[in-house]
Every structure is written in C-alpha cells, then in structure tokens.
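Structure file model.pdb (PDB, C-alpha atoms) follows.
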```pdb
ATOM      1  CA  MET A 164     -85.300  77.812  12.352
ATOM      2  CA  ILE A 165     -82.114  79.039  10.627
ATOM      3  CA  GLU A 166     -83.535  78.255   7.196
ATOM      4  CA  LEU A 167     -86.738  80.095   8.107
ATOM      5  CA  ILE A 168     -84.763  83.190   9.137
ATOM      6  CA  PHE A 169     -82.731  83.052   5.918
ATOM      7  CA  GLY A 170     -85.961  82.812   3.953
ATOM      8  CA  TYR A 171     -87.449  85.883   5.647
ATOM      9  CA  VAL A 172     -84.234  87.879   5.229
ATOM     10  CA  ILE A 173     -83.948  87.082   1.524
ATOM     11  CA  SER A 174     -87.645  87.773   0.885
ATOM     12  CA  ILE A 175     -87.745  91.083   2.756
ATOM     13  CA  ILE A 176     -84.552  92.473   1.204
ATOM     14  CA  SER A 177     -85.473  91.238  -2.276
ATOM     15  CA  PHE A 178     -88.911  92.859  -2.037
ATOM     16  CA  LEU A 179     -88.136  96.075  -0.116
ATOM     17  CA  GLY A 180     -84.513  96.707  -1.066
ATOM     18  CA  TYR A 181     -82.684  99.240   1.101
ATOM     19  CA  PHE A 182     -85.791  99.781   3.235
ATOM     20  CA  GLY A 183     -85.886  96.053   3.956
ATOM     21  CA  VAL A 184     -82.312  96.230   5.245
ATOM     22  CA  PHE A 185     -83.286  99.198   7.437
ATOM     23  CA  ILE A 186     -86.263  97.319   8.931
ATOM     24  CA  LEU A 187     -84.298  94.127   9.585
ATOM     25  CA  MET A 188     -81.430  95.965  11.258
ATOM     26  CA  THR A 189     -83.894  97.963  13.362
ATOM     27  CA  LEU A 190     -85.325  94.676  14.613
ATOM     28  CA  GLU A 191     -81.815  93.249  15.064
ATOM     29  CA  SER A 192     -80.965  96.047  17.493
ATOM     30  CA  MET A 193     -83.966  95.192  19.649
ATOM     31  CA  ILE A 194     -84.814  92.002  21.545
ATOM     32  CA  LEU A 195     -85.688  90.057  18.404
ATOM     33  CA  PRO A 196     -83.944  87.039  16.819
ATOM     34  CA  VAL A 197     -82.839  88.767  13.607
ATOM     35  CA  PRO A 198     -79.118  88.001  13.126
ATOM     36  CA  SER A 199     -77.022  90.638  11.377
ATOM     37  CA  GLU A 200     -74.830  87.707  10.278
ATOM     38  CA  ALA A 201     -77.641  86.758   7.889
ATOM     39  CA  VAL A 202     -78.841  90.243   6.895
ATOM     40  CA  MET A 203     -75.620  92.064   6.018
ATOM     41  CA  PRO A 204     -73.763  89.300   4.131
ATOM     42  CA  PHE A 205     -76.810  88.911   1.893
ATOM     43  CA  ALA A 206     -76.860  92.698   1.400
ATOM     44  CA  GLY A 207     -73.181  92.400   0.453
ATOM     45  CA  TYR A 208     -74.064  89.702  -2.058
ATOM     46  CA  ILE A 209     -76.696  92.022  -3.589
ATOM     47  CA  ALA A 210     -73.979  94.695  -3.827
ATOM     48  CA  TYR A 211     -71.754  92.098  -5.508
ATOM     49  CA  GLN A 212     -74.512  91.696  -8.099
ATOM     50  CA  GLY A 213     -74.502  95.461  -8.648
ATOM     51  CA  LYS A 214     -78.003  96.033  -7.255
ATOM     52  CA  PHE A 215     -76.858  97.774  -4.042
ATOM     53  CA  ASN A 216     -74.183 100.368  -3.394
ATOM     54  CA  LEU A 217     -71.854  98.817  -0.799
ATOM     55  CA  LEU A 218     -71.250 101.886   1.374
ATOM     56  CA  PHE A 219     -74.813 103.175   1.074
ATOM     57  CA  VAL A 220     -76.359  99.880   2.224
ATOM     58  CA  VAL A 221     -73.959  99.846   5.206
ATOM     59  CA  PHE A 222     -75.055 103.400   6.048
ATOM     60  CA  ILE A 223     -78.761 102.472   5.758
ATOM     61  CA  ALA A 224     -78.202  99.403   7.940
ATOM     62  CA  THR A 225     -76.431 101.526  10.539
ATOM     63  CA  LEU A 226     -79.347 103.970  10.626
ATOM     64  CA  GLY A 227     -81.587 100.965  11.323
ATOM     65  CA  SER A 228     -79.236  99.835  14.090
ATOM     66  CA  ILE A 229     -79.383 103.289  15.681
ATOM     67  CA  PHE A 230     -83.177 103.510  15.378
ATOM     68  CA  GLY A 231     -83.702 100.088  16.967
ATOM     69  CA  SER A 232     -81.145 100.833  19.676
ATOM     70  CA  LEU A 233     -82.892 104.106  20.527
ATOM     71  CA  ILE A 234     -86.223 102.312  20.923
ATOM     72  CA  SER A 235     -84.589  99.900  23.382
ATOM     73  CA  TYR A 236     -82.811 102.825  25.067
ATOM     74  CA  TYR A 237     -86.121 104.591  25.715
ATOM     75  CA  ILE A 238     -87.713 101.360  26.948
ATOM     76  CA  GLY A 239     -84.955 101.165  29.544
ATOM     77  CA  ASN A 240     -85.020 104.901  30.207
ATOM     78  CA  TYR A 241     -88.745 105.126  30.943
ATOM     79  CA  GLY A 242     -89.589 101.625  32.095
ATOM     80  CA  GLY A 243     -86.407 100.229  33.616
ATOM     81  CA  GLU A 244     -86.851 101.400  37.191
ATOM     82  CA  LYS A 245     -90.531 100.368  37.276
ATOM     83  CA  PHE A 246     -89.621  96.971  35.855
ATOM     84  CA  VAL A 247     -86.944  96.372  38.491
ATOM     85  CA  SER A 248     -89.165  97.556  41.362
ATOM     86  CA  LYS A 249     -92.124  95.339  40.342
ATOM     87  CA  ILE A 250     -90.635  92.283  38.632
ATOM     88  CA  GLY A 251     -86.895  92.525  39.313
ATOM     89  CA  LYS A 252     -86.992  90.459  42.498
ATOM     90  CA  TYR A 253     -88.039  87.418  40.469
ATOM     91  CA  MET A 254     -84.944  87.886  38.297
ATOM     92  CA  PHE A 255     -82.511  88.593  41.177
ATOM     93  CA  LEU A 256     -82.515  92.335  40.396
ATOM     94  CA  ASN A 257     -82.897  95.184  42.859
ATOM     95  CA  GLU A 258     -82.268  98.936  43.184
ATOM     96  CA  GLU A 259     -78.633  98.276  44.079
ATOM     97  CA  HIS A 260     -78.164  96.772  40.618
ATOM     98  CA  LEU A 261     -79.655  99.913  39.076
ATOM     99  CA  ILE A 262     -77.070 102.031  40.886
ATOM    100  CA  THR A 263     -74.273  99.661  39.814
ATOM    101  CA  THR A 264     -75.486  99.786  36.199
ATOM    102  CA  GLU A 265     -75.585 103.576  36.251
ATOM    103  CA  GLN A 266     -72.073 103.788  37.698
ATOM    104  CA  TRP A 267     -70.777 101.322  35.100
ATOM    105  CA  PHE A 268     -72.180 103.299  32.176
ATOM    106  CA  ASN A 269     -70.947 106.565  33.650
ATOM    107  CA  ARG A 270     -67.397 105.147  33.704
ATOM    108  CA  ARG A 271     -67.295 102.753  30.754
ATOM    109  CA  GLY A 272     -70.454 103.438  28.771
ATOM    110  CA  GLN A 273     -68.754 104.468  25.536
ATOM    111  CA  SER A 274     -66.493 101.435  25.251
ATOM    112  CA  THR A 275     -69.276  99.093  26.404
ATOM    113  CA  ILE A 276     -71.685 100.293  23.715
ATOM    114  CA  PHE A 277     -69.014 100.150  21.010
ATOM    115  CA  ILE A 278     -67.672  96.686  21.858
ATOM    116  CA  SER A 279     -71.120  95.166  22.408
ATOM    117  CA  ARG A 280     -71.983  95.715  18.722
ATOM    118  CA  PHE A 281     -69.519  92.916  17.899
ATOM    119  CA  ILE A 282     -70.900  90.449  20.465
ATOM    120  CA  PRO A 283     -73.886  88.211  19.603
ATOM    121  CA  VAL A 284     -76.860  88.270  21.981
ATOM    122  CA  VAL A 285     -75.343  91.172  23.963
ATOM    123  CA  ARG A 286     -75.942  93.669  21.137
ATOM    124  CA  HIS A 287     -79.668  92.836  21.226
ATOM    125  CA  PHE A 288     -79.958  93.851  24.890
ATOM    126  CA  ILE A 289     -77.228  96.391  25.667
ATOM    127  CA  SER A 290     -79.304  99.479  24.820
ATOM    128  CA  ILE A 291     -81.812  98.738  27.591
ATOM    129  CA  PRO A 292     -79.315  98.987  30.488
ATOM    130  CA  ALA A 293     -77.844 102.057  28.762
ATOM    131  CA  GLY A 294     -81.309 103.610  28.940
ATOM    132  CA  ILE A 295     -81.854 102.479  32.527
ATOM    133  CA  SER A 296     -78.588 104.160  33.526
ATOM    134  CA  LYS A 297     -79.635 107.301  31.607
ATOM    135  CA  MET A 298     -76.400 107.293  29.636
ATOM    136  CA  ASN A 299     -75.762 110.552  27.797
ATOM    137  CA  LYS A 300     -77.860 110.265  24.629
ATOM    138  CA  SER A 301     -75.374 111.963  22.312
ATOM    139  CA  LYS A 302     -72.588 109.625  23.427
ATOM    140  CA  PHE A 303     -74.930 106.650  23.166
ATOM    141  CA  ILE A 304     -75.826 107.508  19.554
ATOM    142  CA  THR A 305     -72.216 108.291  18.619
ATOM    143  CA  TYR A 306     -70.764 105.021  19.915
ATOM    144  CA  THR A 307     -73.711 103.002  18.643
ATOM    145  CA  PHE A 308     -73.052 104.482  15.202
ATOM    146  CA  LEU A 309     -69.314 103.756  15.343
ATOM    147  CA  GLY A 310     -69.765 100.177  16.557
ATOM    148  CA  ALA A 311     -72.712  99.353  14.301
ATOM    149  CA  PHE A 312     -71.126 100.880  11.185
ATOM    150  CA  SER A 313     -67.897  98.938  11.752
ATOM    151  CA  TRP A 314     -69.702  95.639  12.327
ATOM    152  CA  ASN A 315     -72.130  96.152   9.435
ATOM    153  CA  TYR A 316     -69.279  97.040   7.080
ATOM    154  CA  ILE A 317     -67.271  93.938   8.025
ATOM    155  CA  LEU A 318     -70.231  91.631   7.374
ATOM    156  CA  THR A 319     -71.312  93.400   4.182
ATOM    157  CA  TYR A 320     -67.819  93.451   2.727
ATOM    158  CA  ALA A 321     -67.390  89.760   3.560
ATOM    159  CA  GLY A 322     -70.637  88.984   1.747
ATOM    160  CA  PHE A 323     -69.473  91.119  -1.182
ATOM    161  CA  LYS A 324     -66.185  89.231  -1.442
ATOM    162  CA  LEU A 325     -67.739  85.793  -1.037
ATOM    163  CA  GLY A 326     -70.459  86.463  -3.594
ATOM    164  CA  GLU A 327     -72.685  83.405  -4.022
ATOM    165  CA  ASN A 328     -71.038  81.800  -0.979
ATOM    166  CA  TRP A 329     -72.231  84.585   1.368
ATOM    167  CA  ARG A 330     -74.067  82.102   3.618
ATOM    168  CA  LEU A 331     -70.738  80.672   4.791
ATOM    169  CA  ILE A 332     -70.393  83.677   7.113
ATOM    170  CA  SER A 333     -73.530  82.775   9.040
ATOM    171  CA  ASP A 334     -72.609  79.079   9.079
ATOM    172  CA  TYR A 335     -69.208  79.733  10.688
ATOM    173  CA  SER A 336     -70.378  82.551  12.974
ATOM    174  CA  ARG A 337     -72.989  80.204  14.440
ATOM    175  CA  TYR A 338     -70.281  78.243  16.254
ATOM    176  CA  ILE A 339     -68.753  81.455  17.604
ATOM    177  CA  ASP A 340     -72.191  82.615  18.758
ATOM    178  CA  ILE A 341     -72.821  79.345  20.610
ATOM    179  CA  THR A 342     -69.439  79.605  22.364
ATOM    180  CA  ILE A 343     -70.150  83.171  23.483
ATOM    181  CA  ILE A 344     -73.698  82.325  24.657
ATOM    182  CA  VAL A 345     -72.368  79.406  26.726
ATOM    183  CA  GLY A 346     -69.734  81.738  28.197
ATOM    184  CA  ILE A 347     -72.392  84.292  29.149
ATOM    185  CA  LEU A 348     -74.547  81.598  30.766
ATOM    186  CA  LEU A 349     -71.571  80.334  32.785
ATOM    187  CA  LEU A 350     -70.831  83.867  33.961
ATOM    188  CA  PHE A 351     -74.475  84.292  34.983
ATOM    189  CA  ILE A 352     -74.421  81.011  36.924
ATOM    190  CA  TRP A 353     -71.185  82.102  38.618
ATOM    191  CA  TYR A 354     -72.795  85.439  39.508
ATOM    192  CA  LEU A 355     -75.816  83.715  41.074
ATOM    193  CA  TYR A 356     -73.520  81.393  43.037
ATOM    194  CA  LYS A 357     -71.461  84.335  44.275
ATOM    195  CA  ARG A 358     -74.575  86.250  45.354
ATOM    196  CA  LYS A 359     -75.929  83.206  47.189
ATOM    197  CA  LYS A 360     -72.595  82.694  48.954
ATOM    198  CA  GLU A 361     -72.440  86.355  50.014
ATOM    199  CA  LYS A 362     -75.973  86.173  51.453
ATOM    200  CA  ALA A 363     -75.077  82.984  53.336
ATOM    201  CA  ILE A 364     -72.037  84.713  54.906
ATOM    202  CA  LEU A 365     -74.088  87.770  55.895
ATOM    203  CA  SER A 366     -76.833  85.633  57.470
ATOM    204  CA  HIS A 367     -74.342  83.996  59.900
TER
END
```

For this file, produce the structure as structure tokens.
Amino acid sequence: MIELIFGYVISIISFLGYFGVFILMTLESMILPVPSEAVMPFAGYIAYQGKFNLLFVVFIATLGSIFGSLISYYIGNYGGEKFVSKIGKYMFLNEEHLITTEQWFNRRGQSTIFISRFIPVVRHFISIPAGISKMNKSKFITYTFLGAFSWNYILTYAGFKLGENWRLISDYSRYIDITIIVGILLLFIWYLYKRKKEKAILSH
C-alpha cells in the first residue's frame, strides 16, 4: 500500500508539476489517504534538483491544503446536522455533541485548527467539525493557512536537505503516525466507556 502511494505521488508530481502538488494536497486535506509526508518531501527533492522553487511549491501546496479544507468545511457546514440527526445515533453522536463541538470551536477553534495540521489522521478530518460548528470562515482560513504552511515547509525543507534520501522522512514518520493513531483509538475507547458508565449511573 505504501509503495503504491509513493508510486502515485511520484507519477502525479512528475507529470503535472506544481499542479500535481496542488491536487495531492487538496486530497490530503480531505478524508483521503494521501499522506503529506510522502508528497512534500518528494516536492522538496524536486526543488533540490532545481526543478521546483522551494518557497513557491510550499505556497502552492498550502493553497491546496486550504482548498481541500474548505471543501470539508462546507460538507460539515451544510450536511453535519443532517448527518448527526439521521445517522449519528449509530456512531454514538447526538445533538448534544453538536452543541459541545460548537462551544469548543468558539473557545479554542483557532488553536485547534492550527495544531491539527501537525497531527496525522486528525488533519484529514478536523475541517468537518469546524464546519459543523460554523466556525468563523476568515479565522478558519487564516489558521489553516498558518498551520498548513508551517507543516508543508518543514516537510519540503527536510526533503530538500535529504535529497535522494527524501523517503526516510515517510519511513520514520510512519512509526509516529501509528503511535498517534493508537493513542486516538484508546481515547475513543475511554470515551465510550465513560459514556456507558454515565448512562448506567443515570439509569439507577
């Protein structure tokens, strides 16, 4: 699977250039398995070869991140409440969670959007709850830009410095990603346990 993703990334960027980076990073900011840890280091390697401008490719990638994030934002904005009301009960979601989400983004939306750009898995999904909570769009775009540009620059510069060894970034980040995913799953299990315990107390 990893080799297949690498193959697609290399082919798309090699064929489409900057536009390929834009497309891949648009997809990366949606619910699709396109890892920025593969896209941007390779873009950095192309910059190392002199075929890309380092800062310009980071800027193009960030535009893709914003575009993809806005698509997810609008999915949450226009379809979030309907989704929760019709299907949410099968996923332990209800209107109370919508209110909690909205309150969270009203208080900590900026920092949440910024920090989530550095967290695997989370960055693919975070724009949807931001849309559901109807987070201020200007703030959403601003902090998405700041977080995405920072993350894209780090990965691109690392690929630039490593040159032909750019794939090492993805190889090492894979272990970090697995650790974070396991942590998120454990938190989710703990949340379900807590909810079940609360319901048991209320039923007595």

Env of segment 186-188 of chain A: 8 Å cut, atoms = all atoms listed in the file, seq-sep filter 4 positions within chain, self excluded. Answer as a short mmCIF file (atom, residue, chain, number, x, y, z; two decimals) with C-alpha atoms, in the frame of the given file.
```
data_model
loop_
_atom_site.label_atom_id
_atom_site.label_comp_id
_atom_site.auth_asym_id
_atom_site.auth_seq_id
_atom_site.Cartn_x
_atom_site.Cartn_y
_atom_site.Cartn_z
CA VAL A 172 -84.23 87.88 5.23
CA PHE A 182 -85.79 99.78 3.24
CA SER A 192 -80.96 96.05 17.49
CA VAL A 197 -82.84 88.77 13.61
CA SER A 199 -77.02 90.64 11.38
CA VAL A 202 -78.84 90.24 6.90
CA ALA A 224 -78.20 99.40 7.94
CA THR A 225 -76.43 101.53 10.54
CA GLY A 227 -81.59 100.96 11.32
CA SER A 228 -79.24 99.84 14.09
CA GLY A 231 -83.70 100.09 16.97
#
```

Residue with smallest distance to Ser177 of chain A - pool A:Val220, A:Ile278, A:Ile209, A:Ile304, counting only C-alpha atoms: A:Ile209

Nearest to Arg286 of chain A: which of A:Lys214, A:Ala206, A:Gln273, A:Met193 is it, counting all atoms listed in the file? A:Met193

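Between atom CA of Phe205 of chain A and atom CA of Tyr236 of chain A there is a distance of 27.7 Å.
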
Pick the closest to Gly207 of chain A from A:Phe308, A:Tyr171, A:Tyr320, A:Phe230: which is it, counting all atoms listed in the file? A:Tyr320

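For the atom pair formed by atom CA of Phe185 of chain A and atom CA of Leu226 of chain A, the distance is 7.0 Å, given to one decimal.
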
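Ranking A:Tyr306, A:Trp314, A:Trp329, A:Tyr208 by their shortest atom-to-atom distance to Pro283 of chain A, with all atoms listed in the file included, puts A:Trp314 first.
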
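Picked by the PyMOL selection byres ((chain A and resi 305) around 12) from the coordinates shown: Thr225, Leu226, Ser228, Ile229, Ser232, Leu233, Gly272, Gln273, Ser274, Ile276, Phe277, Met298, Asn299, Lys300, Ser301, Lys302, Phe303, Ile304, Tyr306, Thr307, Phe308, Leu309, Gly310, Ala311 and Phe312 of chain A.
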
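In this model, the gap between atom CA of Met203 of chain A and atom CA of Val184 of chain A comes to 7.9 Å.
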